[in-house]
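For reference, start.txt is printed below; it contains compact mmCIF, N, CA and C atoms.
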# COMPACT_ATOMS: atom_id res chain seq x y z
N MET J 1 -9.16 17.03 -0.25
CA MET J 1 -9.92 16.34 -1.27
C MET J 1 -10.60 15.15 -0.61
N LEU J 2 -11.82 14.88 -1.01
CA LEU J 2 -12.67 13.86 -0.42
C LEU J 2 -13.12 12.85 -1.47
N ALA J 3 -13.02 11.56 -1.15
CA ALA J 3 -13.56 10.50 -2.00
C ALA J 3 -14.66 9.79 -1.21
N VAL J 4 -15.75 9.46 -1.88
CA VAL J 4 -16.90 8.86 -1.20
C VAL J 4 -17.28 7.57 -1.92
N ASP J 5 -17.28 6.48 -1.17
CA ASP J 5 -17.67 5.17 -1.72
C ASP J 5 -19.17 5.18 -2.04
N ALA J 6 -19.56 4.33 -2.97
CA ALA J 6 -20.96 4.24 -3.39
C ALA J 6 -21.88 3.91 -2.21
N ASN J 7 -21.40 3.12 -1.24
CA ASN J 7 -22.29 2.76 -0.14
C ASN J 7 -22.78 4.01 0.61
N HIS J 8 -21.92 5.01 0.77
CA HIS J 8 -22.35 6.21 1.47
C HIS J 8 -23.35 7.02 0.65
N TRP J 9 -23.15 7.09 -0.66
CA TRP J 9 -24.12 7.78 -1.51
C TRP J 9 -25.47 7.06 -1.46
N ILE J 10 -25.43 5.74 -1.47
CA ILE J 10 -26.67 4.96 -1.42
C ILE J 10 -27.38 5.17 -0.08
N TYR J 11 -26.63 5.15 1.02
CA TYR J 11 -27.24 5.44 2.33
C TYR J 11 -27.88 6.82 2.32
N PHE J 12 -27.23 7.75 1.66
CA PHE J 12 -27.72 9.14 1.63
C PHE J 12 -29.04 9.24 0.86
N VAL J 13 -29.15 8.57 -0.28
CA VAL J 13 -30.33 8.75 -1.12
C VAL J 13 -31.51 7.86 -0.75
N ASP J 14 -31.28 6.79 0.02
CA ASP J 14 -32.37 5.86 0.34
C ASP J 14 -32.81 6.01 1.80
N PRO J 15 -33.93 6.71 2.03
CA PRO J 15 -34.38 6.94 3.40
C PRO J 15 -34.86 5.67 4.12
N SER J 16 -35.02 4.58 3.40
CA SER J 16 -35.47 3.34 4.04
C SER J 16 -34.33 2.59 4.73
N LEU J 17 -33.09 2.98 4.47
CA LEU J 17 -31.95 2.29 5.07
C LEU J 17 -31.66 2.83 6.47
N ARG J 18 -31.27 1.94 7.37
CA ARG J 18 -30.99 2.35 8.75
C ARG J 18 -29.82 3.33 8.83
N GLU J 19 -28.91 3.29 7.87
CA GLU J 19 -27.74 4.18 7.86
C GLU J 19 -28.07 5.59 7.35
N HIS J 20 -29.25 5.75 6.78
CA HIS J 20 -29.61 7.00 6.11
C HIS J 20 -29.46 8.23 7.01
N ALA J 21 -30.04 8.20 8.18
CA ALA J 21 -30.06 9.40 9.04
C ALA J 21 -28.66 9.88 9.40
N SER J 22 -27.79 8.97 9.77
CA SER J 22 -26.45 9.40 10.18
C SER J 22 -25.63 9.92 9.00
N VAL J 23 -25.79 9.31 7.84
CA VAL J 23 -25.06 9.78 6.67
C VAL J 23 -25.65 11.10 6.18
N GLU J 24 -26.96 11.20 6.18
CA GLU J 24 -27.61 12.43 5.75
C GLU J 24 -27.23 13.62 6.64
N ALA J 25 -26.95 13.34 7.91
CA ALA J 25 -26.59 14.40 8.85
C ALA J 25 -25.19 14.96 8.61
N SER J 26 -24.31 14.19 8.00
CA SER J 26 -22.91 14.61 7.86
C SER J 26 -22.42 14.79 6.43
N LEU J 27 -22.90 14.00 5.51
CA LEU J 27 -22.34 14.00 4.16
C LEU J 27 -22.46 15.35 3.45
N PRO J 28 -23.60 16.03 3.48
CA PRO J 28 -23.68 17.32 2.77
C PRO J 28 -22.65 18.34 3.26
N ARG J 29 -22.41 18.38 4.56
CA ARG J 29 -21.42 19.32 5.12
C ARG J 29 -20.03 18.99 4.61
N LEU J 30 -19.66 17.70 4.65
CA LEU J 30 -18.33 17.31 4.19
C LEU J 30 -18.14 17.60 2.70
N VAL J 31 -19.15 17.33 1.90
CA VAL J 31 -19.07 17.59 0.46
C VAL J 31 -18.96 19.10 0.20
N ALA J 32 -19.61 19.90 1.03
CA ALA J 32 -19.53 21.36 0.87
C ALA J 32 -18.17 21.90 1.29
N GLU J 33 -17.53 21.24 2.24
CA GLU J 33 -16.25 21.72 2.78
C GLU J 33 -15.03 21.24 2.02
N GLU J 34 -15.12 20.08 1.40
CA GLU J 34 -13.96 19.45 0.76
C GLU J 34 -14.20 19.29 -0.74
N PRO J 35 -13.19 19.53 -1.57
CA PRO J 35 -13.31 19.22 -2.99
C PRO J 35 -13.56 17.72 -3.15
N LEU J 36 -14.40 17.37 -4.10
CA LEU J 36 -14.88 16.00 -4.26
C LEU J 36 -14.23 15.29 -5.44
N VAL J 37 -13.78 14.06 -5.20
CA VAL J 37 -13.33 13.16 -6.26
C VAL J 37 -14.51 12.24 -6.59
N MET J 38 -14.85 12.14 -7.87
CA MET J 38 -15.95 11.26 -8.29
C MET J 38 -15.44 10.34 -9.39
N THR J 39 -15.93 9.11 -9.40
CA THR J 39 -15.57 8.18 -10.47
C THR J 39 -16.81 7.75 -11.24
N ALA J 40 -16.59 7.38 -12.48
CA ALA J 40 -17.68 6.84 -13.31
C ALA J 40 -18.23 5.57 -12.69
N VAL J 41 -17.37 4.79 -12.06
CA VAL J 41 -17.79 3.53 -11.46
C VAL J 41 -18.74 3.79 -10.28
N VAL J 42 -18.42 4.74 -9.43
CA VAL J 42 -19.30 5.08 -8.31
C VAL J 42 -20.64 5.58 -8.84
N GLN J 43 -20.60 6.42 -9.86
CA GLN J 43 -21.85 6.92 -10.43
C GLN J 43 -22.72 5.76 -10.95
N MET J 44 -22.10 4.80 -11.61
CA MET J 44 -22.86 3.67 -12.14
C MET J 44 -23.43 2.81 -11.02
N GLU J 45 -22.65 2.60 -9.96
CA GLU J 45 -23.15 1.81 -8.82
C GLU J 45 -24.38 2.46 -8.21
N VAL J 46 -24.34 3.76 -8.01
CA VAL J 46 -25.47 4.47 -7.41
C VAL J 46 -26.66 4.42 -8.36
N ALA J 47 -26.44 4.67 -9.63
CA ALA J 47 -27.53 4.61 -10.61
C ALA J 47 -28.16 3.22 -10.65
N HIS J 48 -27.35 2.19 -10.61
CA HIS J 48 -27.85 0.81 -10.63
C HIS J 48 -28.73 0.56 -9.41
N TYR J 49 -28.25 0.95 -8.24
CA TYR J 49 -29.02 0.73 -7.00
C TYR J 49 -30.36 1.47 -7.07
N VAL J 50 -30.30 2.76 -7.37
CA VAL J 50 -31.52 3.57 -7.37
C VAL J 50 -32.49 3.06 -8.43
N GLY J 51 -32.00 2.70 -9.60
CA GLY J 51 -32.88 2.18 -10.65
C GLY J 51 -33.55 0.87 -10.27
N ARG J 52 -32.85 0.07 -9.48
CA ARG J 52 -33.40 -1.23 -9.08
C ARG J 52 -34.32 -1.11 -7.87
N VAL J 53 -33.95 -0.28 -6.91
CA VAL J 53 -34.67 -0.23 -5.63
C VAL J 53 -35.67 0.94 -5.56
N MET J 54 -35.36 2.03 -6.22
CA MET J 54 -36.17 3.24 -6.12
C MET J 54 -36.46 3.82 -7.51
N PRO J 55 -36.99 3.02 -8.43
CA PRO J 55 -37.13 3.48 -9.81
C PRO J 55 -37.99 4.74 -9.98
N ASP J 56 -38.92 4.97 -9.07
CA ASP J 56 -39.80 6.14 -9.20
C ASP J 56 -39.06 7.47 -9.04
N VAL J 57 -37.92 7.45 -8.37
CA VAL J 57 -37.16 8.69 -8.14
C VAL J 57 -35.83 8.70 -8.88
N LEU J 58 -35.62 7.73 -9.76
CA LEU J 58 -34.34 7.60 -10.44
C LEU J 58 -33.92 8.88 -11.14
N GLU J 59 -34.79 9.45 -11.92
CA GLU J 59 -34.41 10.64 -12.69
C GLU J 59 -34.05 11.81 -11.77
N THR J 60 -34.83 12.04 -10.73
CA THR J 60 -34.56 13.12 -9.80
C THR J 60 -33.24 12.91 -9.07
N VAL J 61 -33.03 11.70 -8.57
CA VAL J 61 -31.80 11.40 -7.84
C VAL J 61 -30.59 11.56 -8.76
N LEU J 62 -30.68 11.06 -9.98
CA LEU J 62 -29.54 11.16 -10.89
C LEU J 62 -29.25 12.61 -11.27
N GLU J 63 -30.28 13.42 -11.46
CA GLU J 63 -30.05 14.84 -11.76
C GLU J 63 -29.28 15.50 -10.63
N GLN J 64 -29.66 15.21 -9.39
CA GLN J 64 -28.98 15.79 -8.24
C GLN J 64 -27.57 15.23 -8.10
N PHE J 65 -27.44 13.93 -8.24
CA PHE J 65 -26.15 13.27 -8.05
C PHE J 65 -25.15 13.68 -9.13
N PHE J 66 -25.59 13.71 -10.38
CA PHE J 66 -24.70 14.11 -11.47
C PHE J 66 -24.48 15.61 -11.50
N GLY J 67 -25.27 16.35 -10.74
CA GLY J 67 -25.11 17.80 -10.66
C GLY J 67 -24.20 18.26 -9.54
N LEU J 68 -23.62 17.31 -8.80
CA LEU J 68 -22.71 17.68 -7.72
C LEU J 68 -21.50 18.44 -8.26
N ASP J 69 -20.99 19.33 -7.44
CA ASP J 69 -19.76 20.06 -7.80
C ASP J 69 -18.58 19.12 -7.56
N VAL J 70 -18.00 18.65 -8.64
CA VAL J 70 -16.91 17.67 -8.57
C VAL J 70 -15.60 18.34 -8.96
N ALA J 71 -14.61 18.23 -8.08
CA ALA J 71 -13.31 18.84 -8.34
C ALA J 71 -12.45 17.97 -9.26
N ALA J 72 -12.60 16.66 -9.15
CA ALA J 72 -11.81 15.73 -9.96
C ALA J 72 -12.70 14.56 -10.35
N TYR J 73 -12.72 14.25 -11.64
CA TYR J 73 -13.55 13.17 -12.15
C TYR J 73 -12.66 12.12 -12.80
N GLU J 74 -12.88 10.87 -12.45
CA GLU J 74 -12.10 9.78 -13.03
C GLU J 74 -13.00 8.91 -13.89
N PRO J 75 -12.80 8.95 -15.21
CA PRO J 75 -13.60 8.11 -16.09
C PRO J 75 -13.15 6.65 -16.01
N LEU J 76 -13.89 5.80 -16.62
CA LEU J 76 -13.49 4.40 -16.72
C LEU J 76 -12.80 4.25 -18.07
N ASP J 77 -11.49 4.19 -18.03
CA ASP J 77 -10.71 4.03 -19.25
C ASP J 77 -9.63 2.97 -19.04
N ALA J 78 -8.88 2.66 -20.07
CA ALA J 78 -7.88 1.59 -19.99
C ALA J 78 -6.83 1.86 -18.91
N ALA J 79 -6.36 3.09 -18.82
CA ALA J 79 -5.34 3.41 -17.82
C ALA J 79 -5.87 3.20 -16.41
N GLY J 80 -7.09 3.63 -16.15
CA GLY J 80 -7.68 3.45 -14.83
C GLY J 80 -7.94 2.00 -14.50
N VAL J 81 -8.38 1.23 -15.50
CA VAL J 81 -8.62 -0.20 -15.28
C VAL J 81 -7.31 -0.91 -14.95
N LEU J 82 -6.27 -0.62 -15.70
CA LEU J 82 -4.97 -1.24 -15.43
C LEU J 82 -4.45 -0.86 -14.04
N ALA J 83 -4.60 0.40 -13.68
CA ALA J 83 -4.15 0.84 -12.36
C ALA J 83 -4.97 0.17 -11.26
N ALA J 84 -6.27 0.03 -11.46
CA ALA J 84 -7.12 -0.63 -10.48
C ALA J 84 -6.74 -2.10 -10.33
N LEU J 85 -6.47 -2.76 -11.44
CA LEU J 85 -6.04 -4.17 -11.38
C LEU J 85 -4.73 -4.30 -10.61
N GLY J 86 -3.84 -3.35 -10.80
CA GLY J 86 -2.59 -3.34 -10.05
C GLY J 86 -2.83 -3.18 -8.55
N ARG J 87 -3.78 -2.32 -8.20
CA ARG J 87 -4.11 -2.13 -6.78
C ARG J 87 -4.72 -3.40 -6.20
N MET J 88 -5.51 -4.11 -6.99
CA MET J 88 -6.07 -5.37 -6.51
C MET J 88 -4.94 -6.34 -6.16
N GLN J 89 -3.94 -6.42 -7.01
CA GLN J 89 -2.79 -7.28 -6.74
C GLN J 89 -2.04 -6.81 -5.51
N GLN J 90 -1.84 -5.51 -5.42
CA GLN J 90 -1.11 -4.91 -4.30
C GLN J 90 -1.77 -5.26 -2.97
N HIS J 91 -3.07 -5.30 -2.96
CA HIS J 91 -3.81 -5.58 -1.72
C HIS J 91 -4.25 -7.04 -1.64
N ARG J 92 -3.52 -7.88 -2.32
CA ARG J 92 -3.72 -9.33 -2.28
C ARG J 92 -5.15 -9.75 -2.54
N ARG J 93 -5.76 -9.05 -3.47
CA ARG J 93 -7.12 -9.37 -3.90
C ARG J 93 -8.15 -9.29 -2.78
N THR J 94 -7.91 -8.45 -1.79
CA THR J 94 -8.90 -8.26 -0.73
C THR J 94 -9.95 -7.23 -1.12
N ILE J 95 -9.66 -6.44 -2.15
CA ILE J 95 -10.64 -5.49 -2.66
C ILE J 95 -10.95 -5.85 -4.10
N GLY J 96 -12.15 -5.52 -4.51
CA GLY J 96 -12.57 -5.80 -5.88
C GLY J 96 -12.22 -4.66 -6.82
N SER J 97 -12.58 -4.84 -8.05
CA SER J 97 -12.21 -3.88 -9.09
C SER J 97 -12.85 -2.51 -8.87
N ARG J 98 -14.10 -2.48 -8.45
CA ARG J 98 -14.76 -1.19 -8.23
C ARG J 98 -14.08 -0.41 -7.11
N ASP J 99 -13.78 -1.10 -6.01
CA ASP J 99 -13.10 -0.44 -4.90
C ASP J 99 -11.68 -0.03 -5.28
N ALA J 100 -11.02 -0.89 -6.03
CA ALA J 100 -9.65 -0.57 -6.47
C ALA J 100 -9.65 0.66 -7.38
N HIS J 101 -10.67 0.81 -8.21
CA HIS J 101 -10.75 1.99 -9.07
C HIS J 101 -10.98 3.25 -8.25
N LEU J 102 -11.82 3.17 -7.23
CA LEU J 102 -12.04 4.33 -6.36
C LEU J 102 -10.76 4.69 -5.62
N LEU J 103 -10.06 3.70 -5.12
CA LEU J 103 -8.80 3.94 -4.41
C LEU J 103 -7.77 4.57 -5.35
N TYR J 104 -7.67 4.05 -6.56
CA TYR J 104 -6.77 4.62 -7.57
C TYR J 104 -7.10 6.10 -7.80
N ALA J 105 -8.39 6.40 -8.00
CA ALA J 105 -8.81 7.79 -8.27
C ALA J 105 -8.52 8.69 -7.07
N ALA J 106 -8.80 8.19 -5.88
CA ALA J 106 -8.56 8.99 -4.67
C ALA J 106 -7.08 9.36 -4.56
N LYS J 107 -6.22 8.38 -4.76
CA LYS J 107 -4.78 8.65 -4.68
C LYS J 107 -4.30 9.53 -5.84
N LYS J 108 -4.76 9.26 -7.03
CA LYS J 108 -4.34 10.03 -8.20
C LYS J 108 -4.67 11.52 -8.05
N HIS J 109 -5.84 11.80 -7.47
CA HIS J 109 -6.30 13.18 -7.38
C HIS J 109 -6.03 13.83 -6.03
N GLY J 110 -5.26 13.15 -5.17
CA GLY J 110 -4.83 13.76 -3.93
C GLY J 110 -5.85 13.80 -2.81
N ALA J 111 -6.79 12.88 -2.81
CA ALA J 111 -7.74 12.83 -1.70
C ALA J 111 -7.01 12.48 -0.41
N SER J 112 -7.46 13.05 0.67
CA SER J 112 -6.88 12.72 1.98
C SER J 112 -7.86 11.94 2.84
N LEU J 113 -9.14 11.94 2.45
CA LEU J 113 -10.18 11.29 3.23
C LEU J 113 -11.08 10.46 2.33
N LEU J 114 -11.36 9.23 2.76
CA LEU J 114 -12.29 8.33 2.07
C LEU J 114 -13.43 8.01 3.02
N LEU J 115 -14.66 8.17 2.55
CA LEU J 115 -15.83 7.77 3.32
C LEU J 115 -16.30 6.43 2.80
N THR J 116 -16.34 5.43 3.68
CA THR J 116 -16.80 4.10 3.28
C THR J 116 -17.23 3.30 4.50
N SER J 117 -18.09 2.33 4.27
CA SER J 117 -18.47 1.35 5.30
C SER J 117 -17.83 0.01 5.01
N ASP J 118 -17.10 -0.08 3.92
CA ASP J 118 -16.48 -1.33 3.48
C ASP J 118 -15.16 -1.53 4.23
N LYS J 119 -15.12 -2.55 5.07
CA LYS J 119 -13.92 -2.78 5.90
C LYS J 119 -12.67 -3.10 5.08
N ALA J 120 -12.82 -3.89 4.03
CA ALA J 120 -11.65 -4.24 3.20
C ALA J 120 -11.13 -3.00 2.48
N LEU J 121 -12.03 -2.19 1.93
CA LEU J 121 -11.61 -0.96 1.27
C LEU J 121 -10.97 0.00 2.28
N ALA J 122 -11.54 0.10 3.46
CA ALA J 122 -10.98 0.97 4.48
C ALA J 122 -9.56 0.54 4.84
N LYS J 123 -9.34 -0.75 4.98
CA LYS J 123 -8.01 -1.26 5.32
C LYS J 123 -7.01 -0.93 4.20
N ALA J 124 -7.41 -1.15 2.96
CA ALA J 124 -6.53 -0.85 1.82
C ALA J 124 -6.24 0.65 1.75
N ALA J 125 -7.25 1.47 1.98
CA ALA J 125 -7.07 2.92 1.92
C ALA J 125 -6.11 3.40 3.01
N ARG J 126 -6.26 2.87 4.20
CA ARG J 126 -5.35 3.24 5.28
C ARG J 126 -3.92 2.82 4.96
N ALA J 127 -3.77 1.65 4.36
CA ALA J 127 -2.43 1.17 3.97
C ALA J 127 -1.78 2.10 2.96
N GLU J 128 -2.61 2.83 2.20
CA GLU J 128 -2.09 3.78 1.21
C GLU J 128 -2.07 5.21 1.73
N GLY J 129 -2.29 5.37 3.02
CA GLY J 129 -2.13 6.68 3.64
C GLY J 129 -3.36 7.56 3.69
N LEU J 130 -4.51 7.03 3.34
CA LEU J 130 -5.74 7.82 3.41
C LEU J 130 -6.36 7.71 4.79
N ALA J 131 -6.96 8.78 5.25
CA ALA J 131 -7.81 8.72 6.43
C ALA J 131 -9.15 8.14 5.97
N VAL J 132 -9.80 7.41 6.84
CA VAL J 132 -11.08 6.76 6.49
C VAL J 132 -12.09 7.06 7.58
N ARG J 133 -13.29 7.40 7.16
CA ARG J 133 -14.41 7.58 8.10
C ARG J 133 -15.61 6.82 7.59
N ASP J 134 -16.36 6.28 8.54
CA ASP J 134 -17.62 5.61 8.23
C ASP J 134 -18.72 6.43 8.89
N LEU J 135 -19.43 7.21 8.10
CA LEU J 135 -20.49 8.07 8.62
C LEU J 135 -21.70 7.28 9.08
N ALA J 136 -21.79 6.02 8.70
CA ALA J 136 -22.95 5.20 9.05
C ALA J 136 -22.83 4.63 10.46
N ARG J 137 -21.71 4.80 11.10
CA ARG J 137 -21.52 4.26 12.46
C ARG J 137 -21.63 5.35 13.50

When written as structure tokens, how does the structure in this file appear?
Amino acid sequence: MLAVDANHWIYFVDPSLREHASVEASLPRLVAEEPLVMTAVVQMEVAHYVGRVMPDVLETVLEQFFGLDVAAYEPLDAAGVLAALGRMQQHRRTIGSRDAHLLYAAKKHGASLLLTSDKALAKAARAEGLAVRDLAR
């Protein structure tokens, strides 16, 4: 099972970013090979970015992004928020609520790999037994 941080999705959809080429070269293969964990929070982060930076392609990008084959979906609900807040405490507030929610969902749904460029999230994920890769490097 694979969890992907919003930063990697943003690198993938925005060709103007320097990280785009390296993420575009690897992300589709990994998503095709591994069942995907998706969260409502990651979807909102990507939608917010694309709507702000690339409004002309927002509808197309969202259709493709929301059309991904997702094996496990984590909504934003009270249980998830409470679990994310607990993870923030567990990691001494080094990760924020959005990252804590992704980490909660990854662990809940049995992900073994997290893709992220966020060093604090990567450290927290490794502490919880997840493998971490940064496709942008």

For range 42-53 of chain J: contacts at 7 Å, only N, CA and C atoms, fewer than 2 positions along chain excluded, given as a ChimeraX atom specification | /J:5-6,9-10,38-40,55-58,62

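Minimum distance to Gly96 in chain J across J:Val13, J:Ala32, J:Leu82, J:Leu121 (counting only N, CA and C atoms) occurs at J:Leu121.
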
Protein, DNA and RNA residues within 6 Å of (-15.4, 20.7, -3.6), only N, CA and C atoms, as a compact mmCIF listing (two decimals) with N, CA and C atoms, keeping the file's coordinate frame:
# COMPACT_ATOMS: atom_id res chain seq x y z
N VAL J 31 -19.15 17.33 1.90
CA VAL J 31 -19.07 17.59 0.46
C VAL J 31 -18.96 19.10 0.20
N ALA J 32 -19.61 19.90 1.03
CA ALA J 32 -19.53 21.36 0.87
C ALA J 32 -18.17 21.90 1.29
N GLU J 33 -17.53 21.24 2.24
CA GLU J 33 -16.25 21.72 2.78
C GLU J 33 -15.03 21.24 2.02
N GLU J 34 -15.12 20.08 1.40
CA GLU J 34 -13.96 19.45 0.76
C GLU J 34 -14.20 19.29 -0.74
N PRO J 35 -13.19 19.53 -1.57
CA PRO J 35 -13.31 19.22 -2.99
C PRO J 35 -13.56 17.72 -3.15
N LEU J 36 -14.40 17.37 -4.10
CA LEU J 36 -14.88 16.00 -4.26
C LEU J 36 -14.23 15.29 -5.44
N ASP J 69 -20.99 19.33 -7.44
CA ASP J 69 -19.76 20.06 -7.80
C ASP J 69 -18.58 19.12 -7.56
N VAL J 70 -18.00 18.65 -8.64
CA VAL J 70 -16.91 17.67 -8.57
C VAL J 70 -15.60 18.34 -8.96
N ALA J 71 -14.61 18.23 -8.08
CA ALA J 71 -13.31 18.84 -8.34
C ALA J 71 -12.45 17.97 -9.26

Atom N of Glu24 in chain J to atom N of Gln64 in chain J, distance in Å rounded to a single decimal =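 Interatomic distance, atom N of Glu24 in chain J to atom N of Gln64 in chain J: 16.3 Å.
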
Neighbour list for Ala111 in chain J as a count of residues only, cut-off 5 Å, all atoms listed in the file, skip fewer than 2 positions in-chain | 6

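Minimum atom-to-atom distance to Lys108 in chain J, evaluated using only C-alpha atoms, belongs to J:Ala83 out of J:Val132, J:Leu27, J:Ala83, J:Val41.
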
Expressed in Å to a single decimal, how great is the separation between CA of Gly110 in chain J and CA of Asp77 in chain J?
-> 19.1 Å
